[in-house]
>>> print(open('final_17.tsv').read())   # TSV, N, CA and C atoms and all ligand atoms
chain	number	residue	atom	x	y	z
A	7	MET	N	106.33	96.65	99.57
A	7	MET	CA	107.43	96.27	100.46
A	7	MET	C	107.63	97.36	101.51
A	8	ALA	N	107.65	96.99	102.73
A	8	ALA	CA	107.96	97.96	103.78
A	8	ALA	C	109.47	98.23	103.78
A	9	VAL	N	109.87	99.19	104.56
A	9	VAL	CA	111.30	99.42	104.73
A	9	VAL	C	111.69	99.02	106.15
A	10	MET	N	112.99	98.87	106.37
A	10	MET	CA	113.48	98.52	107.70
A	10	MET	C	114.74	99.34	108.01
A	11	ILE	N	115.04	99.45	109.28
A	11	ILE	CA	116.20	100.24	109.71
A	11	ILE	C	117.29	99.29	110.21
A	12	THR	N	118.49	99.51	109.73
A	12	THR	CA	119.61	98.63	110.07
A	12	THR	C	120.44	99.21	111.22
A	13	GLU	N	121.46	98.45	111.59
A	13	GLU	CA	122.30	98.88	112.71
A	13	GLU	C	123.17	100.09	112.38
A	14	ASP	N	123.10	100.56	111.15
A	14	ASP	CA	123.82	101.79	110.79
A	14	ASP	C	123.12	103.04	111.32
A	15	CYS	N	121.94	102.85	111.91
A	15	CYS	CA	121.18	103.98	112.45
A	15	CYS	C	121.93	104.63	113.62
A	16	ILE	N	121.98	105.95	113.59
A	16	ILE	CA	122.62	106.70	114.67
A	16	ILE	C	121.58	107.42	115.53
A	17	ALA	N	120.31	107.04	115.35
A	17	ALA	CA	119.21	107.59	116.16
A	17	ALA	C	119.14	109.11	116.11
A	18	CYS	N	119.27	109.65	114.90
A	18	CYS	CA	119.25	111.11	114.75
A	18	CYS	C	117.83	111.66	114.72
A	19	ASN	N	116.84	110.77	114.49
A	19	ASN	CA	115.42	111.16	114.48
A	19	ASN	C	114.95	111.86	113.20
A	20	ALA	N	115.82	112.03	112.24
A	20	ALA	CA	115.44	112.76	111.03
A	20	ALA	C	114.30	112.08	110.29
A	21	CYS	N	114.27	110.76	110.29
A	21	CYS	CA	113.27	110.03	109.50
A	21	CYS	C	111.89	110.08	110.13
A	22	GLU	N	111.86	110.06	111.43
A	22	GLU	CA	110.58	109.92	112.15
A	22	GLU	C	109.59	111.00	111.72
A	23	ALA	N	110.04	112.22	111.64
A	23	ALA	CA	109.15	113.34	111.31
A	23	ALA	C	108.70	113.32	109.86
A	24	GLU	N	109.44	112.60	109.02
A	24	GLU	CA	109.12	112.59	107.58
A	24	GLU	C	108.05	111.57	107.21
A	25	CYS	N	107.73	110.66	108.10
A	25	CYS	CA	106.85	109.54	107.73
A	25	CYS	C	105.38	109.97	107.75
A	26	PRO	N	104.70	109.85	106.60
A	26	PRO	CA	103.29	110.27	106.54
A	26	PRO	C	102.36	109.29	107.26
A	27	ASN	N	102.88	108.13	107.61
A	27	ASN	CA	102.05	107.11	108.27
A	27	ASN	C	102.39	106.93	109.74
A	28	THR	N	103.22	107.76	110.29
A	28	THR	CA	103.75	107.59	111.66
A	28	THR	C	104.14	106.13	111.91
A	29	ALA	N	104.94	105.60	111.00
A	29	ALA	CA	105.36	104.21	111.09
A	29	ALA	C	106.71	104.05	111.77
A	30	ILE	N	107.36	105.16	112.13
A	30	ILE	CA	108.72	105.10	112.67
A	30	ILE	C	108.71	105.54	114.13
A	31	TYR	N	109.37	104.73	114.96
A	31	TYR	CA	109.40	105.00	116.41
A	31	TYR	C	110.80	104.88	116.96
A	32	ASN	N	111.04	105.58	118.06
A	32	ASN	CA	112.34	105.49	118.72
A	32	ASN	C	112.49	104.15	119.43
A	33	ALA	N	113.73	103.74	119.63
A	33	ALA	CA	114.02	102.50	120.35
A	33	ALA	C	113.30	102.51	121.70
A	34	GLY	N	112.61	101.42	121.96
A	34	GLY	CA	111.95	101.26	123.25
A	34	GLY	C	110.62	101.95	123.37
A	35	GLU	N	110.27	102.75	122.38
A	35	GLU	CA	109.01	103.50	122.43
A	35	GLU	C	107.86	102.62	121.92
A	36	PRO	N	106.78	102.47	122.70
A	36	PRO	CA	105.63	101.69	122.22
A	36	PRO	C	105.06	102.33	120.96
A	37	TYR	N	104.49	101.50	120.07
A	37	TYR	CA	103.87	102.08	118.87
A	37	TYR	C	102.36	101.94	118.91
A	38	GLN	N	101.72	102.84	118.17
A	38	GLN	CA	100.26	102.87	118.08
A	38	GLN	C	99.84	102.20	116.78
A	39	TYR	N	98.84	101.32	116.86
A	39	TYR	CA	98.30	100.70	115.66
A	39	TYR	C	96.85	100.34	115.90
A	40	ASP	N	95.98	100.81	115.04
A	40	ASP	CA	94.55	100.53	115.14
A	40	ASP	C	93.98	100.94	116.50
A	41	GLY	N	94.43	102.08	116.98
A	41	GLY	CA	93.89	102.62	118.22
A	41	GLY	C	94.42	101.98	119.48
A	42	GLU	N	95.40	101.09	119.33
A	42	GLU	CA	95.96	100.42	120.51
A	42	GLU	C	97.47	100.62	120.59
A	43	GLU	N	97.98	100.55	121.83
A	43	GLU	CA	99.42	100.68	122.04
A	43	GLU	C	100.05	99.29	122.04
A	44	HIS	N	101.20	99.17	121.36
A	44	HIS	CA	101.88	97.87	121.27
A	44	HIS	C	103.32	98.02	121.73
A	45	GLU	N	103.89	96.89	122.21
A	45	GLU	CA	105.28	96.91	122.68
A	45	GLU	C	106.23	97.29	121.56
A	46	ALA	N	107.28	97.99	121.89
A	46	ALA	CA	108.29	98.39	120.91
A	46	ALA	C	108.84	97.17	120.17
A	47	LEU	N	109.10	97.31	118.87
A	47	LEU	CA	109.67	96.21	118.10
A	47	LEU	C	111.18	96.13	118.28
A	48	SER	N	111.80	97.18	118.80
A	48	SER	CA	113.24	97.16	119.08
A	48	SER	C	113.55	98.00	120.31
A	49	GLU	N	114.39	97.47	121.15
A	49	GLU	CA	114.84	98.22	122.32
A	49	GLU	C	116.15	98.95	122.01
A	50	ASP	N	116.76	98.64	120.88
A	50	ASP	CA	118.11	99.14	120.59
A	50	ASP	C	118.19	100.15	119.45
A	51	PHE	N	117.25	100.03	118.49
A	51	PHE	CA	117.34	100.90	117.32
A	51	PHE	C	115.99	101.56	117.03
A	52	THR	N	116.05	102.71	116.40
A	52	THR	CA	114.86	103.30	115.82
A	52	THR	C	114.27	102.22	114.90
A	53	TYR	N	112.95	102.07	114.89
A	53	TYR	CA	112.37	100.97	114.11
A	53	TYR	C	111.16	101.41	113.29
A	54	VAL	N	110.85	100.59	112.28
A	54	VAL	CA	109.68	100.80	111.42
A	54	VAL	C	108.65	99.71	111.73
A	55	VAL	N	107.40	100.09	111.85
A	55	VAL	CA	106.32	99.11	112.01
A	55	VAL	C	105.86	98.70	110.60
A	56	PRO	N	106.13	97.45	110.19
A	56	PRO	CA	105.82	97.07	108.80
A	56	PRO	C	104.36	97.27	108.44
A	57	GLU	N	103.48	97.01	109.39
A	57	GLU	CA	102.03	97.15	109.10
A	57	GLU	C	101.64	98.60	108.81
A	58	LYS	N	102.48	99.54	109.20
A	58	LYS	CA	102.15	100.95	108.99
A	58	LYS	C	102.91	101.59	107.84
A	59	CYS	N	103.87	100.87	107.28
A	59	CYS	CA	104.70	101.44	106.21
A	59	CYS	C	104.11	101.12	104.85
A	60	THR	N	103.81	102.13	104.05
A	60	THR	CA	103.33	101.94	102.68
A	60	THR	C	104.43	102.27	101.67
A	61	GLU	N	105.63	102.36	102.15
A	61	GLU	CA	106.76	102.80	101.30
A	61	GLU	C	106.45	104.18	100.70
A	62	CYS	N	105.60	104.90	101.42
A	62	CYS	CA	105.15	106.24	101.03
A	62	CYS	C	104.22	106.25	99.82
A	63	VAL	N	103.80	105.07	99.36
A	63	VAL	CA	102.85	105.01	98.24
A	63	VAL	C	101.56	105.74	98.63
A	64	GLY	N	101.10	106.56	97.71
A	64	GLY	CA	99.89	107.36	97.98
A	64	GLY	C	100.22	108.75	98.51
A	65	PHE	N	101.47	108.95	98.90
A	65	PHE	CA	101.89	110.26	99.41
A	65	PHE	C	103.01	110.87	98.57
A	66	TYR	N	104.06	110.07	98.38
A	66	TYR	CA	105.25	110.57	97.69
A	66	TYR	C	105.77	109.53	96.70
A	67	ASP	N	106.60	109.98	95.76
A	67	ASP	CA	107.17	109.08	94.77
A	67	ASP	C	108.26	108.20	95.36
A	68	GLU	N	108.93	108.70	96.39
A	68	GLU	CA	110.04	107.96	96.98
A	68	GLU	C	109.84	107.87	98.49
A	69	PRO	N	110.33	106.81	99.11
A	69	PRO	CA	110.26	106.71	100.57
A	69	PRO	C	110.98	107.89	101.22
A	70	GLN	N	110.23	108.67	101.95
A	70	GLN	CA	110.79	109.90	102.52
A	70	GLN	C	111.84	109.61	103.59
A	71	CYS	N	111.68	108.54	104.31
A	71	CYS	CA	112.66	108.24	105.36
A	71	CYS	C	114.03	107.92	104.77
A	72	ILE	N	114.01	107.15	103.66
A	72	ILE	CA	115.28	106.81	103.01
A	72	ILE	C	115.97	108.09	102.52
A	73	GLU	N	115.18	108.98	101.96
A	73	GLU	CA	115.73	110.26	101.47
A	73	GLU	C	116.35	111.08	102.60
A	74	SER	N	115.79	110.97	103.79
A	74	SER	CA	116.22	111.84	104.89
A	74	SER	C	117.34	111.26	105.74
A	75	CYS	N	117.64	109.99	105.56
A	75	CYS	CA	118.61	109.34	106.46
A	75	CYS	C	120.05	109.67	106.09
A	76	PRO	N	120.82	110.22	107.02
A	76	PRO	CA	122.21	110.60	106.72
A	76	PRO	C	123.18	109.42	106.68
A	77	THR	N	122.76	108.26	107.17
A	77	THR	CA	123.69	107.13	107.22
A	77	THR	C	123.27	105.96	106.32
A	78	GLU	N	122.26	106.19	105.49
A	78	GLU	CA	121.75	105.14	104.60
A	78	GLU	C	121.39	103.88	105.38
A	79	ALA	N	120.77	104.09	106.53
A	79	ALA	CA	120.43	102.98	107.42
A	79	ALA	C	119.05	102.38	107.12
A	80	ILE	N	118.34	102.96	106.16
A	80	ILE	CA	116.99	102.46	105.88
A	80	ILE	C	117.00	101.77	104.51
A	81	VAL	N	116.55	100.52	104.52
A	81	VAL	CA	116.57	99.71	103.30
A	81	VAL	C	115.21	99.02	103.13
A	82	HIS	N	114.99	98.49	101.96
A	82	HIS	CA	113.76	97.73	101.72
A	82	HIS	C	113.82	96.43	102.53
A	83	ASP	N	112.69	96.07	103.10
A	83	ASP	CA	112.62	94.90	103.97
A	83	ASP	C	112.20	93.67	103.15
A	84	PRO	N	113.13	92.74	102.91
A	84	PRO	CA	112.81	91.58	102.05
A	84	PRO	C	111.75	90.66	102.67
A	85	ASN	N	111.50	90.81	103.96
A	85	ASN	CA	110.50	89.98	104.62
A	85	ASN	C	109.09	90.54	104.52
A	86	HIS	N	108.99	91.74	103.93
A	86	HIS	CA	107.67	92.36	103.79
A	86	HIS	C	107.49	92.90	102.38
A	87	GLU	N	107.45	91.98	101.41
A	87	GLU	CA	107.29	92.37	100.02
A	87	GLU	C	105.81	92.57	99.71
A	88	GLU	N	105.47	93.70	99.08
A	88	GLU	CA	104.11	94.01	98.69
A	88	GLU	C	104.13	94.72	97.34
A	89	THR	N	103.06	94.52	96.57
A	89	THR	CA	102.93	95.22	95.29
A	89	THR	C	102.45	96.64	95.55
A	90	ASN	N	102.53	97.46	94.52
A	90	ASN	CA	102.03	98.84	94.64
A	90	ASN	C	100.54	98.86	95.00
A	91	ASP	N	99.78	97.96	94.39
A	91	ASP	CA	98.34	97.90	94.68
A	91	ASP	C	98.11	97.53	96.15
A	92	GLU	N	98.90	96.59	96.66
A	92	GLU	CA	98.76	96.20	98.06
A	92	GLU	C	99.13	97.35	98.99
A	93	LEU	N	100.16	98.09	98.60
A	93	LEU	CA	100.57	99.23	99.43
A	93	LEU	C	99.51	100.32	99.43
A	94	MET	N	98.89	100.53	98.28
A	94	MET	CA	97.83	101.53	98.22
A	94	MET	C	96.63	101.09	99.06
A	95	ALA	N	96.30	99.81	99.01
A	95	ALA	CA	95.20	99.29	99.83
A	95	ALA	C	95.53	99.45	101.31
A	96	LYS	N	96.78	99.24	101.66
A	96	LYS	CA	97.21	99.40	103.06
A	96	LYS	C	97.05	100.86	103.49
A	97	LYS	N	97.40	101.78	102.60
A	97	LYS	CA	97.24	103.20	102.91
A	97	LYS	C	95.78	103.52	103.24
A	98	VAL	N	94.87	102.98	102.44
A	98	VAL	CA	93.44	103.26	102.66
A	98	VAL	C	93.00	102.69	104.01
A	99	VAL	N	93.46	101.50	104.33
A	99	VAL	CA	93.11	100.89	105.63
A	99	VAL	C	93.65	101.75	106.77
A	100	LEU	N	94.89	102.20	106.64
A	100	LEU	CA	95.51	103.01	107.69
A	100	LEU	C	94.76	104.32	107.88
A	101	GLU	N	94.24	104.87	106.80
A	101	GLU	CA	93.52	106.13	106.91
A	101	GLU	C	92.26	105.98	107.75
A	102	GLY	N	91.71	104.77	107.79
A	102	GLY	CA	90.50	104.54	108.56
A	102	GLY	C	90.75	104.24	110.02
A	103	MET	N	92.04	104.14	110.38
A	103	MET	CA	92.39	103.82	111.77
A	103	MET	C	92.62	105.08	112.58
A	104	ASP	N	92.68	104.90	113.89
A	104	ASP	CA	92.92	106.03	114.78
A	104	ASP	C	94.34	106.56	114.62
A	105	SER	N	95.29	105.66	114.41
A	105	SER	CA	96.68	106.11	114.28
A	105	SER	C	97.48	105.10	113.49
B	1	LIG	S1	108.86	104.44	103.54
B	1	LIG	FE1	107.44	106.14	103.96
B	1	LIG	S2	105.73	105.13	105.02
B	1	LIG	FE2	107.47	103.72	105.17
B	1	LIG	S3	108.49	104.22	107.08
B	1	LIG	FE3	109.49	105.40	105.47
B	1	LIG	S4	108.50	107.39	105.49
B	1	LIG	FE4	107.15	105.94	106.59
B	2	LIG	S1	117.28	109.08	109.75
B	2	LIG	FE1	118.57	107.23	109.65
B	2	LIG	S2	120.08	107.51	111.28
B	2	LIG	FE2	118.41	108.97	111.68
B	2	LIG	S3	117.00	107.86	113.08
B	2	LIG	FE3	116.27	107.49	110.99
B	2	LIG	S4	117.26	105.54	110.39
B	2	LIG	FE4	118.37	106.32	112.15
>>> encode(input="final_17.tsv", output="structure tokens")
Amino acid sequence: MAVMITEDCIACNACEAECPNTAIYNAGEPYQYDGEEHEALSEDFTYVVPEKCTECVGFYDEPQCIESCPTEAIVHDPNHEETNDELMAKKVVLEGMDS
């Protein structure tokens, strides 16, 4: 399951630096995926790219962004449910990409 950022976000940027998959971007900032630049998923809030989030599986025991958020604005995304095995497979795929 990926995580998502809610409207409780105060855009403090604390989570962005903690993500081992560079899955977190500032509002309006284009994101990188598979060597290509893509339009921002949100113009209003810091956002997570679901395809890049492994819930930190393969790196840490707990999602680092959730641990770092001062406003508890990061939650599990019910629209992107994945098993641990799927998340680990995603990590391996991401490692083979440019970004
Ligand atoms: S859970 Fe981990 S991989 Fe997903 S966005 Fe947060 S820090 Fe990045
Ligand atoms: S740490 Fe929390 S409040 Fe700060 S940018 Fe990330 S989601 Fe927003």
>>> atom_distance(input="final_17.tsv", atom1="atom CA of A:Ile11", atom2="atom N of A:Tyr39")
18.8 Å
>>> closest_residue(input="final_17.tsv", among="A:Val9, A:Ile80, A:Val54, A:Val99", to="ligand LIG 2 (chain B)", atoms="only C-alpha atoms and all ligand atoms")
A:Ile80
>>> closest_atom_pairs(input="final_17.tsv", of="chain A", to="ligand LIG 2 (chain B)", cutoff="5 Å", atoms="only N, CA and C atoms and all ligand atoms", output="JSON lines")
{"residue": "A:Cys15", "atom": "CA", "partner": "B:LIG2", "partner_atom": "FE4", "distance": 3.7}
{"residue": "A:Ile16", "atom": "N", "partner": "B:LIG2", "partner_atom": "S2", "distance": 3.4}
{"residue": "A:Ala17", "atom": "CA", "partner": "B:LIG2", "partner_atom": "S3", "distance": 3.8}
{"residue": "A:Cys18", "atom": "N", "partner": "B:LIG2", "partner_atom": "FE2", "distance": 3.4}
{"residue": "A:Asn19", "atom": "N", "partner": "B:LIG2", "partner_atom": "S3", "distance": 3.2}
{"residue": "A:Ala20", "atom": "N", "partner": "B:LIG2", "partner_atom": "FE2", "distance": 4.0}
{"residue": "A:Cys21", "atom": "N", "partner": "B:LIG2", "partner_atom": "S1", "distance": 3.5}
{"residue": "A:Ser74", "atom": "C", "partner": "B:LIG2", "partner_atom": "S1", "distance": 4.6}
{"residue": "A:Cys75", "atom": "CA", "partner": "B:LIG2", "partner_atom": "S1", "distance": 3.6}
{"residue": "A:Pro76", "atom": "N", "partner": "B:LIG2", "partner_atom": "FE1", "distance": 4.6}
{"residue": "A:Thr77", "atom": "N", "partner": "B:LIG2", "partner_atom": "S2", "distance": 5.0}
{"residue": "A:Ala79", "atom": "C", "partner": "B:LIG2", "partner_atom": "S4", "distance": 4.9}
>>> select_by_dssp(input="final_17.tsv", residues="stretch 49-90 of chain A", states="strand (DSSP E)", output="ChimeraX atom specification")
/A:53-54,80-82
>>> residues_near_ligand(input="final_17.tsv", ligand="ligand LIG 1 (chain B)", cutoff="7 Å", atoms="only C-alpha atoms and all ligand atoms", output="PDB file with N, CA and C atoms, keeping the file's coordinate frame")
ATOM      1  N   ALA A   8     107.650  96.990 102.730  1.00  0.00           N
ATOM      2  CA  ALA A   8     107.960  97.960 103.780  1.00  0.00           C
ATOM      3  C   ALA A   8     109.470  98.230 103.780  1.00  0.00           C
ATOM      4  N   VAL A   9     109.870  99.190 104.560  1.00  0.00           N
ATOM      5  CA  VAL A   9     111.300  99.420 104.730  1.00  0.00           C
ATOM      6  C   VAL A   9     111.690  99.020 106.150  1.00  0.00           C
ATOM      7  N   CYS A  21     114.270 110.760 110.290  1.00  0.00           N
ATOM      8  CA  CYS A  21     113.270 110.030 109.500  1.00  0.00           C
ATOM      9  C   CYS A  21     111.890 110.080 110.130  1.00  0.00           C
ATOM     10  N   GLU A  24     109.440 112.600 109.020  1.00  0.00           N
ATOM     11  CA  GLU A  24     109.120 112.590 107.580  1.00  0.00           C
ATOM     12  C   GLU A  24     108.050 111.570 107.210  1.00  0.00           C
ATOM     13  N   CYS A  25     107.730 110.660 108.100  1.00  0.00           N
ATOM     14  CA  CYS A  25     106.850 109.540 107.730  1.00  0.00           C
ATOM     15  C   CYS A  25     105.380 109.970 107.750  1.00  0.00           C
ATOM     16  N   PRO A  26     104.700 109.850 106.600  1.00  0.00           N
ATOM     17  CA  PRO A  26     103.290 110.270 106.540  1.00  0.00           C
ATOM     18  C   PRO A  26     102.360 109.290 107.260  1.00  0.00           C
ATOM     19  N   ASN A  27     102.880 108.130 107.610  1.00  0.00           N
ATOM     20  CA  ASN A  27     102.050 107.110 108.270  1.00  0.00           C
ATOM     21  C   ASN A  27     102.390 106.930 109.740  1.00  0.00           C
ATOM     22  N   THR A  28     103.220 107.760 110.290  1.00  0.00           N
ATOM     23  CA  THR A  28     103.750 107.590 111.660  1.00  0.00           C
ATOM     24  C   THR A  28     104.140 106.130 111.910  1.00  0.00           C
ATOM     25  N   ALA A  29     104.940 105.600 111.000  1.00  0.00           N
ATOM     26  CA  ALA A  29     105.360 104.210 111.090  1.00  0.00           C
ATOM     27  C   ALA A  29     106.710 104.050 111.770  1.00  0.00           C
ATOM     28  N   ILE A  30     107.360 105.160 112.130  1.00  0.00           N
ATOM     29  CA  ILE A  30     108.720 105.100 112.670  1.00  0.00           C
ATOM     30  C   ILE A  30     108.710 105.540 114.130  1.00  0.00           C
ATOM     31  N   VAL A  54     110.850 100.590 112.280  1.00  0.00           N
ATOM     32  CA  VAL A  54     109.680 100.800 111.420  1.00  0.00           C
ATOM     33  C   VAL A  54     108.650  99.710 111.730  1.00  0.00           C
ATOM     34  N   LYS A  58     102.480  99.540 109.200  1.00  0.00           N
ATOM     35  CA  LYS A  58     102.150 100.950 108.990  1.00  0.00           C
ATOM     36  C   LYS A  58     102.910 101.590 107.840  1.00  0.00           C
ATOM     37  N   CYS A  59     103.870 100.870 107.280  1.00  0.00           N
ATOM     38  CA  CYS A  59     104.700 101.440 106.210  1.00  0.00           C
ATOM     39  C   CYS A  59     104.110 101.120 104.850  1.00  0.00           C
ATOM     40  N   THR A  60     103.810 102.130 104.050  1.00  0.00           N
ATOM     41  CA  THR A  60     103.330 101.940 102.680  1.00  0.00           C
ATOM     42  C   THR A  60     104.430 102.270 101.670  1.00  0.00           C
ATOM     43  N   GLU A  61     105.630 102.360 102.150  1.00  0.00           N
ATOM     44  CA  GLU A  61     106.760 102.800 101.300  1.00  0.00           C
ATOM     45  C   GLU A  61     106.450 104.180 100.700  1.00  0.00           C
ATOM     46  N   CYS A  62     105.600 104.900 101.420  1.00  0.00           N
ATOM     47  CA  CYS A  62     105.150 106.240 101.030  1.00  0.00           C
ATOM     48  C   CYS A  62     104.220 106.250  99.820  1.00  0.00           C
ATOM     49  N   PRO A  69     110.330 106.810  99.110  1.00  0.00           N
ATOM     50  CA  PRO A  69     110.260 106.710 100.570  1.00  0.00           C
ATOM     51  C   PRO A  69     110.980 107.890 101.220  1.00  0.00           C
ATOM     52  N   GLN A  70     110.230 108.670 101.950  1.00  0.00           N
ATOM     53  CA  GLN A  70     110.790 109.900 102.520  1.00  0.00           C
ATOM     54  C   GLN A  70     111.840 109.610 103.590  1.00  0.00           C
ATOM     55  N   CYS A  71     111.680 108.540 104.310  1.00  0.00           N
ATOM     56  CA  CYS A  71     112.660 108.240 105.360  1.00  0.00           C
ATOM     57  C   CYS A  71     114.030 107.920 104.770  1.00  0.00           C
ATOM     58  N   ILE A  72     114.010 107.150 103.660  1.00  0.00           N
ATOM     59  CA  ILE A  72     115.280 106.810 103.010  1.00  0.00           C
ATOM     60  C   ILE A  72     115.970 108.090 102.520  1.00  0.00           C
TER      61      ILE A  72
END
>>> axis_aligned_box(input="final_17.tsv", around="stretch 74-77 of chain A", padding_each_side="8 Å", output="JSON")
{"center_x": 119.7, "center_y": 108.9, "center_z": 105.5, "size_x": 23.9, "size_y": 21.9, "size_z": 19.4}
>>> atom_distance(input="final_17.tsv", atom1="atom C of A:Gly41", atom2="atom C of A:Gly102")
10.4 Å
>>> atom_distance(input="final_17.tsv", atom1="atom CA of A:Glu43", atom2="atom CA of A:Glu57")
13.7 Å
>>> closest_residue(input="final_17.tsv", among="A:Val81, A:Met10, A:Leu93, A:Met103", to="A:Tyr53", atoms="only N, CA and C atoms")
A:Met10
>>> closest_residue(input="final_17.tsv", among="A:Asn85, A:Asn90, A:Thr12, A:Gln38", to="A:Val55", atoms="only C-alpha atoms")
A:Gln38
>>> residues_near_point(input="final_17.tsv", point="(109.7, 102.4, 119.2)", cutoff="7 Å", atoms="all atoms listed in the file", output="VMD selection string")
chain A and resid 30 to 37 45 to 48 51 to 53
